[in-house]
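Novice: Got coords.cif for you, mmCIF, C-alpha atoms:
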```cif
data_run
#
loop_
_atom_site.label_atom_id
_atom_site.label_comp_id
_atom_site.auth_asym_id
_atom_site.auth_seq_id
_atom_site.Cartn_x
_atom_site.Cartn_y
_atom_site.Cartn_z
CA MET M 1 5.55 65.80 8.89
CA PRO M 2 2.54 65.76 11.24
CA ARG M 3 0.79 62.87 9.40
CA LEU M 4 3.73 60.43 9.42
CA PRO M 5 2.89 58.62 12.71
CA THR M 6 -0.69 58.10 11.52
CA VAL M 7 0.49 56.62 8.22
CA LEU M 8 2.93 54.29 9.96
CA MET M 9 0.23 53.13 12.37
CA ALA M 10 -2.13 52.37 9.51
CA LEU M 11 0.60 50.42 7.70
CA SER M 12 1.35 48.45 10.87
CA LEU M 13 -2.30 47.52 11.29
CA THR M 14 -2.53 46.41 7.69
CA LEU M 15 0.51 44.15 7.94
CA SER M 16 -0.70 42.54 11.15
CA LEU M 17 -3.89 41.18 9.62
CA PRO M 18 -3.87 37.35 9.26
CA ALA M 19 -3.25 35.99 5.78
CA VAL M 20 -6.28 34.48 4.07
CA ALA M 21 -5.65 31.58 1.69
CA ALA M 22 -6.79 32.35 -1.82
CA PRO M 23 -9.36 29.95 -3.23
CA ALA M 24 -8.03 27.40 -5.70
CA GLU M 25 -8.11 28.83 -9.19
CA SER M 26 -10.56 27.02 -11.44
CA HIS M 27 -10.08 26.29 -15.13
CA ARG M 28 -12.34 25.26 -17.99
CA ALA M 29 -11.29 22.90 -20.77
CA THR M 30 -13.33 22.39 -23.94
CA ARG M 31 -10.93 20.41 -26.12
CA LEU M 32 -7.71 18.46 -25.76
CA GLY M 33 -4.78 17.65 -28.00
CA SER M 34 -3.39 21.03 -29.06
CA PRO M 35 0.31 20.57 -29.92
CA SER M 36 1.17 23.72 -27.95
CA THR M 37 -0.39 22.59 -24.68
CA ARG M 38 -0.26 18.80 -24.68
CA PHE M 39 2.24 17.13 -22.36
CA ALA M 40 3.34 14.61 -25.00
CA PRO M 41 2.04 13.13 -28.27
CA PRO M 42 -1.38 11.42 -28.24
CA LEU M 43 -1.67 7.88 -26.91
CA LYS M 44 -3.07 4.94 -28.83
CA THR M 45 -2.10 2.00 -26.61
CA PRO M 46 -1.22 1.39 -22.95
CA GLU M 47 2.37 0.80 -24.07
CA ASP M 48 2.43 4.36 -25.42
CA LEU M 49 1.58 5.57 -21.93
CA ARG M 50 4.31 3.45 -20.35
CA ARG M 51 6.89 4.80 -22.81
CA THR M 52 5.80 8.38 -22.14
CA LEU M 53 5.99 8.16 -18.35
CA LEU M 54 9.26 6.20 -18.42
CA SER M 55 10.95 8.38 -21.05
CA GLU M 56 14.37 9.62 -19.94
CA THR M 57 13.76 12.81 -21.91
CA LEU M 58 10.55 13.52 -19.98
CA ARG M 59 11.76 12.25 -16.58
CA ASP M 60 12.06 15.69 -14.97
CA ASP M 61 8.75 16.87 -16.43
CA VAL M 62 6.97 13.73 -15.19
CA GLU M 63 8.25 14.30 -11.68
CA GLN M 64 7.34 17.98 -11.75
CA VAL M 65 3.78 17.20 -12.83
CA ALA M 66 3.45 14.46 -10.23
CA ARG M 67 4.63 16.74 -7.42
CA LYS M 68 2.50 19.68 -8.50
CA SER M 69 -0.49 17.35 -8.73
CA GLY M 70 -0.04 16.62 -5.03
CA PHE M 71 1.91 13.35 -5.14
CA SER M 72 4.03 13.12 -1.98
CA GLY M 73 5.21 9.53 -2.33
CA ASP M 74 8.32 7.94 -3.79
CA MET M 75 8.83 8.56 -7.50
CA ALA M 76 10.37 5.09 -7.78
CA ASP M 77 6.97 3.65 -6.83
CA LEU M 78 5.21 5.70 -9.50
CA LEU M 79 7.71 4.71 -12.19
CA HIS M 80 7.55 1.05 -11.18
CA ALA M 81 3.76 1.18 -11.47
CA ALA M 82 4.03 2.89 -14.86
CA GLU M 83 6.11 -0.07 -16.00
CA THR M 84 4.15 -2.94 -14.43
CA ALA M 85 0.66 -1.91 -13.20
CA PRO M 86 -2.44 -2.96 -15.18
CA ILE M 87 -3.66 -0.03 -17.28
CA LYS M 88 -7.41 0.38 -17.76
CA GLU M 89 -9.60 2.37 -20.13
CA LEU M 90 -11.47 5.28 -18.57
CA GLY M 91 -14.24 7.55 -19.84
CA ILE M 92 -14.55 10.95 -18.14
CA PRO M 93 -18.04 12.44 -18.71
CA PRO M 94 -18.64 16.09 -19.63
CA LYS M 95 -19.10 18.46 -16.68
CA THR M 96 -16.67 16.41 -14.57
CA ARG M 97 -14.46 18.55 -12.35
CA LEU M 98 -10.92 17.20 -12.40
CA PRO M 99 -8.57 17.73 -9.44
CA ALA M 100 -5.68 18.61 -11.76
CA MET M 101 -4.38 18.32 -15.30
CA SER M 102 -0.94 18.87 -16.73
CA THR M 103 -0.34 21.21 -19.61
CA ARG M 104 2.51 23.09 -21.25
CA LYS M 105 3.13 26.82 -21.28
CA LYS M 106 5.79 27.88 -23.77
CA GLY M 107 7.04 24.30 -23.69
CA LYS M 108 7.33 24.15 -19.92
CA ALA M 109 5.38 21.47 -18.01
CA GLU M 110 2.76 22.98 -15.70
CA VAL M 111 -0.26 21.76 -13.73
CA LEU M 112 -3.72 23.30 -13.67
CA HIS M 113 -5.92 22.59 -10.67
CA ASN M 114 -9.70 22.36 -10.40
CA VAL M 115 -10.36 21.84 -14.10
CA LEU M 116 -13.93 21.57 -15.43
CA TRP M 117 -14.22 19.34 -18.50
CA ALA M 118 -16.67 21.35 -20.62
CA GLY M 119 -16.28 19.37 -23.82
CA LYS M 120 -19.27 17.79 -25.54
CA LYS M 121 -17.95 14.22 -25.42
CA PRO M 122 -16.33 12.11 -22.68
CA ILE M 123 -12.56 12.17 -22.38
CA ASP M 124 -11.02 8.88 -23.46
CA ALA M 125 -8.26 8.18 -20.96
CA TYR M 126 -6.06 5.55 -19.36
CA GLU M 127 -5.67 4.99 -15.63
CA PHE M 128 -3.63 2.85 -13.25
CA SER M 129 -3.34 2.70 -9.46
CA PHE M 130 -0.46 2.04 -7.10
CA ILE M 131 0.64 2.25 -3.48
CA SER M 132 3.41 4.52 -2.20
CA GLY M 133 4.19 4.74 1.49
CA GLU M 134 0.83 4.23 3.16
CA ARG M 135 -1.25 5.94 0.47
CA ARG M 136 -3.02 4.80 -2.67
CA TYR M 137 -2.69 6.91 -5.82
CA ARG M 138 -4.18 6.96 -9.30
CA VAL M 139 -2.59 8.23 -12.51
CA VAL M 140 -5.09 9.44 -15.11
CA THR M 141 -3.97 10.29 -18.64
CA PRO M 142 -6.22 11.58 -21.46
CA LYS M 143 -5.29 9.83 -24.68
CA ALA M 144 -5.57 12.90 -26.89
CA CYS M 145 -2.90 14.93 -25.15
CA SER M 146 -1.06 12.87 -22.48
CA ASN M 147 -1.93 15.63 -20.00
CA PHE M 148 -1.74 13.28 -17.03
CA TRP M 149 -2.16 13.98 -13.35
CA VAL M 150 -1.74 12.04 -10.09
CA GLU M 151 -4.44 11.97 -7.42
CA GLU M 152 -4.77 10.27 -4.05
CA GLN M 153 -7.50 7.64 -3.78
CA LEU M 154 -9.71 7.05 -0.77
CA PRO M 155 -10.18 5.16 1.40
CA PRO M 156 -6.46 4.89 2.18
CA SER M 157 -4.81 1.50 1.88
CA ARG M 158 -4.82 -0.55 5.09
CA PRO M 159 -2.29 -3.04 6.47
CA GLU M 160 -3.68 -6.44 7.45
CA LEU M 161 -2.26 -9.81 8.48
CA ALA M 162 -3.90 -13.23 8.78
CA LEU M 163 -2.64 -16.11 10.91
CA ASN M 164 -3.73 -19.72 10.58
CA CYS M 165 -2.37 -22.57 12.74
CA SER M 166 -3.03 -26.27 12.42
CA SER M 167 -2.14 -29.48 14.22
CA PRO M 168 -3.40 -33.07 13.84
CA ALA M 169 -6.78 -33.66 15.39
CA VAL M 170 -5.60 -36.94 16.95
CA SER M 171 -2.17 -38.28 17.81
CA THR M 172 -0.73 -41.08 19.89
CA GLY M 173 1.58 -40.69 22.83
CA ASP M 174 4.51 -42.19 20.95
CA SER M 175 4.24 -39.76 18.00
CA LEU M 176 5.46 -36.21 17.61
CA VAL M 177 2.76 -33.55 17.20
CA GLU M 178 3.55 -31.10 14.43
CA VAL M 179 2.12 -27.58 14.65
CA CYS M 180 2.36 -25.32 11.60
CA CYS M 181 1.44 -21.64 11.51
CA THR M 182 1.03 -19.60 8.33
CA LEU M 183 1.32 -15.82 8.49
CA ALA M 184 0.00 -14.00 5.42
CA ASN M 185 0.07 -10.33 4.53
CA ILE M 186 -3.42 -9.88 3.09
CA GLY M 187 -3.28 -6.08 3.12
CA GLU M 188 -2.06 -3.72 0.43
CA LEU M 189 0.92 -2.40 2.37
CA ALA M 190 4.23 -4.07 3.11
CA GLU M 191 4.65 -4.93 6.79
CA PRO M 192 8.07 -3.67 7.94
CA ARG M 193 8.30 -6.03 10.91
CA ALA M 194 6.16 -8.87 12.26
CA VAL M 195 6.79 -11.27 15.13
CA LEU M 196 5.01 -14.62 15.41
CA ALA M 197 4.95 -16.16 18.90
CA LEU M 198 3.99 -19.75 19.75
CA PRO M 199 3.89 -20.39 23.53
CA TYR M 200 4.81 -23.88 24.69
CA PRO M 201 1.53 -25.71 25.37
CA ALA M 202 0.86 -27.48 28.62
CA GLY M 203 1.38 -31.23 28.34
CA ALA M 204 4.06 -31.16 25.64
CA LYS M 205 7.77 -30.49 25.21
CA VAL M 206 9.29 -28.90 22.13
CA ARG M 207 11.43 -31.30 20.14
CA CYS M 208 12.47 -29.46 16.97
CA VAL M 209 11.50 -26.33 15.06
CA SER M 210 11.81 -24.89 11.57
CA GLY M 211 14.74 -22.62 10.76
CA GLY M 212 14.95 -19.11 12.08
CA ALA M 213 13.08 -19.64 15.35
CA ASP M 214 14.26 -17.89 18.48
CA VAL M 215 14.39 -20.50 21.27
CA SER M 216 16.01 -18.31 23.93
CA ASP M 217 12.71 -17.84 25.81
CA ALA M 218 11.87 -20.83 27.99
CA THR M 219 8.14 -20.22 27.53
CA ARG M 220 7.71 -19.70 23.81
CA LEU M 221 9.06 -19.89 20.28
CA THR M 222 9.26 -16.71 18.20
CA TRP M 223 9.92 -15.97 14.55
CA LYS M 224 10.71 -12.51 13.22
CA PHE M 225 9.87 -11.40 9.69
CA ASP M 226 11.16 -8.18 8.13
CA ASN M 227 9.59 -6.50 5.11
CA LEU M 228 6.65 -8.84 4.64
CA ALA M 229 5.38 -7.76 1.23
CA SER M 230 1.72 -7.54 0.31
CA GLY M 231 0.57 -11.03 -0.65
CA GLU M 232 3.59 -12.70 0.93
CA VAL M 233 3.07 -15.87 3.00
CA ARG M 234 5.41 -17.42 5.56
CA THR M 235 4.89 -20.85 7.17
CA VAL M 236 6.76 -22.12 10.22
CA CYS M 237 6.46 -25.45 12.05
CA ALA M 238 7.41 -26.98 15.39
CA ASN M 239 7.28 -30.55 16.65
CA PHE M 240 6.25 -31.36 20.21
CA THR M 241 6.53 -34.54 22.27
CA PRO M 242 3.35 -35.24 24.31
CA LEU M 243 4.06 -35.78 27.99
CA GLN M 244 0.87 -37.74 28.62
CA PRO M 245 -2.48 -38.56 27.03
CA GLY M 246 -4.99 -35.71 26.93
CA THR M 247 -5.73 -32.51 25.03
CA ILE M 248 -2.94 -30.23 23.87
CA ALA M 249 -4.04 -26.73 22.89
CA PHE M 250 -1.83 -24.49 20.77
CA ALA M 251 -2.39 -20.70 20.62
CA ALA M 252 -0.14 -18.49 18.51
CA SER M 253 -0.23 -14.75 17.87
CA ALA M 254 1.49 -12.29 15.55
CA THR M 255 2.21 -8.65 16.31
CA ALA M 256 3.41 -6.12 13.76
CA GLN M 257 4.54 -2.55 13.27
CA ARG M 258 1.59 -1.51 11.11
CA SER M 259 -1.02 -4.24 11.32
CA ALA M 260 -3.28 -5.23 14.19
CA THR M 261 -2.41 -8.31 16.26
CA VAL M 262 -3.82 -11.57 14.89
CA SER M 263 -4.09 -15.02 16.44
CA GLY M 264 -4.36 -18.67 15.43
CA ALA M 265 -4.97 -21.88 17.35
CA GLY M 266 -5.03 -25.65 17.10
CA VAL M 267 -6.05 -28.57 19.32
CA THR M 268 -4.71 -32.13 19.30
CA GLU M 269 -6.16 -35.03 21.24
CA VAL M 270 -3.31 -37.26 22.39
CA GLN M 271 -4.26 -40.90 22.92
CA ALA M 272 -2.32 -43.45 24.92
CA ALA M 273 0.47 -45.13 23.01
CA LYS M 274 -0.45 -48.51 21.65
CA THR M 275 1.49 -51.45 23.08
CA GLY M 276 2.48 -54.36 20.95
CA GLY M 277 1.58 -57.98 21.78
CA SER M 278 -0.15 -61.14 20.54
CA ASN M 279 -2.98 -63.32 21.84
#
```
Would you write out, as structure tokens, the structure that this file holds?
Specialist:
Amino acid sequence: MPRLPTVLMALSLTLSLPAVAAPAESHRATRLGSPSTRFAPPLKTPEDLRRTLLSETLRDDVEQVARKSGFSGDMADLLHAAETAPIKELGIPPKTRLPAMSTRKKGKAEVLHNVLWAGKKPIDAYEFSFISGERRYRVVTPKACSNFWVEEQLPPSRPELALNCSSPAVSTGDSLVEVCCTLANIGELAEPRAVLALPYPAGAKVRCVSGGADVSDATRLTWKFDNLASGEVRTVCANFTPLQPGTIAFAASATAQRSATVSGAGVTEVQAAKTGGSN
């Protein structure tokens, strides 16, 4: 047994070496549509694609392919997009390297990564895009085989708000001055929480406000909006009584959980109230 310590030492040294990630395996595809490897029957229309991805029979396989493709979002978002998103035609030229492609091995859904399209003609495919979480994804599906995959698209989607405030250019001292502010989500992501603040301007006193305003602060009005969807617009208004002739400047701002702070402003020139009388 004189060699045993040496053998154990060599084994220990071997096991202590850091693991090295294996390079992604590459694949080469020359034709599509084989009944033994296609994910589902060939597609002829966008509605065929919707039925395939929304099929209850294929539901588990669709999720498995999506996850193995690298999709880390909510499957409900993918399925909703499969039902409602615009589907476009796509031509994939020969020699294009695809990030992934689904297939079947002995009937089981699998995903191949790093696939070189080595066919002689472009792949006729469908595609649609959607947002899940804070990421943008694309689903690509060759028509001949339904061997779809999901890939993340760059640049990532960005949250963005816009705020516009308006008030009459001129008013008289005996009239209320109405200020309206419109907050719009012009980004591609839903805004979980936004707060619009309208400080009381110098030279005016708040008279009435639109519903939902928080009036507990003696210096400003605030409105809170939860789950402001992409494309959604909210408008709020407040009426002020001028205390004296002069310029009243309004300056609102909106802060949010995801989006950068935005601002809006308005200016009203208050003229002296007209007095009645006759010559």
Novice: Set the distance at 10 Å and use all atoms listed in the file: which residues neighbour M:Ala184 once local chain neighbours fewer than 5 positions away are removed? I'd like the list as a PDB file with C-alpha atoms, keeping the file's coordinate frame.
Specialist:
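That gives us selection-v7.pdb:
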```pdb
ATOM      1  CA  GLU M 160      -3.680  -6.440   7.450  1.00  0.00           C
ATOM      2  CA  LEU M 161      -2.260  -9.810   8.480  1.00  0.00           C
ATOM      3  CA  ALA M 162      -3.900 -13.230   8.780  1.00  0.00           C
ATOM      4  CA  LEU M 163      -2.640 -16.110  10.910  1.00  0.00           C
ATOM      5  CA  ASN M 164      -3.730 -19.720  10.580  1.00  0.00           C
ATOM      6  CA  LEU M 228       6.650  -8.840   4.640  1.00  0.00           C
ATOM      7  CA  ALA M 229       5.380  -7.760   1.230  1.00  0.00           C
ATOM      8  CA  SER M 230       1.720  -7.540   0.310  1.00  0.00           C
ATOM      9  CA  GLY M 231       0.570 -11.030  -0.650  1.00  0.00           C
ATOM     10  CA  GLU M 232       3.590 -12.700   0.930  1.00  0.00           C
ATOM     11  CA  VAL M 233       3.070 -15.870   3.000  1.00  0.00           C
ATOM     12  CA  ARG M 234       5.410 -17.420   5.560  1.00  0.00           C
ATOM     13  CA  THR M 235       4.890 -20.850   7.170  1.00  0.00           C
TER      14      THR M 235
END
```
Novice: Using all atoms listed in the file, pick whichever of M:Ala118, M:Ala218, M:Val62, M:Val179 has the shortest atom-to-atom distance to M:Thr96.
Specialist: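 For M:Thr96, the nearest of the given residues is M:Ala118.
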Novice: For M:Arg67, which residue among M:Gly212, M:Gly133, M:Leu198, M:Ala109 is the nearest when counting only C-alpha atoms?
Specialist: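 Smallest separation from M:Arg67 among the options: M:Ala109.
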Novice: Tell me which of M:His27, M:Lys205, M:Arg97, M:Arg59 sits closest to M:Leu78, counting all atoms listed in the file.
Specialist: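 With all atoms listed in the file as the atom set, the closest residue is M:Arg59.
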Novice: Pick from M:Asp124, M:Glu110, M:Glu269, M:Asp77: nearest to M:Pro93, with all atoms listed in the file counted?
Specialist: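 Closest to M:Pro93, using all atoms listed in the file: M:Asp124.
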Novice: Suppose a student applies the PyMOL selection byres ((chain M and resi 236) around 12) to this structure; what residues should they get, written as a compact mmCIF listing (two decimals) with C-alpha atoms, in the frame of the given file?
Specialist:
```txt
# COMPACT_ATOMS: atom_id res chain seq x y z
CA LEU M 163 -2.64 -16.11 10.91
CA ASN M 164 -3.73 -19.72 10.58
CA CYS M 165 -2.37 -22.57 12.74
CA SER M 166 -3.03 -26.27 12.42
CA GLU M 178 3.55 -31.10 14.43
CA VAL M 179 2.12 -27.58 14.65
CA CYS M 180 2.36 -25.32 11.60
CA CYS M 181 1.44 -21.64 11.51
CA THR M 182 1.03 -19.60 8.33
CA LEU M 183 1.32 -15.82 8.49
CA ALA M 184 0.00 -14.00 5.42
CA VAL M 195 6.79 -11.27 15.13
CA LEU M 196 5.01 -14.62 15.41
CA ALA M 197 4.95 -16.16 18.90
CA LEU M 198 3.99 -19.75 19.75
CA CYS M 208 12.47 -29.46 16.97
CA VAL M 209 11.50 -26.33 15.06
CA SER M 210 11.81 -24.89 11.57
CA GLY M 211 14.74 -22.62 10.76
CA GLY M 212 14.95 -19.11 12.08
CA ALA M 213 13.08 -19.64 15.35
CA ASP M 214 14.26 -17.89 18.48
CA LEU M 221 9.06 -19.89 20.28
CA THR M 222 9.26 -16.71 18.20
CA TRP M 223 9.92 -15.97 14.55
CA LYS M 224 10.71 -12.51 13.22
CA PHE M 225 9.87 -11.40 9.69
CA VAL M 233 3.07 -15.87 3.00
CA ARG M 234 5.41 -17.42 5.56
CA THR M 235 4.89 -20.85 7.17
CA CYS M 237 6.46 -25.45 12.05
CA ALA M 238 7.41 -26.98 15.39
CA ASN M 239 7.28 -30.55 16.65
CA ALA M 252 -0.14 -18.49 18.51
```
Novice: If we count all atoms listed in the file and set the cut-off at 12 Å, which residues sit around M:Ser175, ignoring sequence neighbours fewer than 4 positions away in its own chain? Please answer as a list in words.
Specialist: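 Within the cut-off, the hits are Pro168, Val170, Ser171, Ala204, Arg207, Asn239, Phe240, Thr241, Pro242, Leu243, Gln244, Pro245, Thr268, Glu269, Val270, Gln271, Ala272, Ala273 and Lys274 of chain M.
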Novice: Using all atoms listed in the file for the distances, tell me which of M:Asp74, M:Glu127, M:Glu25, M:Glu191 is nearest to M:Arg50.
Specialist: M:Glu127
Novice: Atom CA of M:Leu176 and atom CA of M:Thr255 are how many Å apart?
Specialist: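 That distance, rounded to one decimal, is 27.8 Å.
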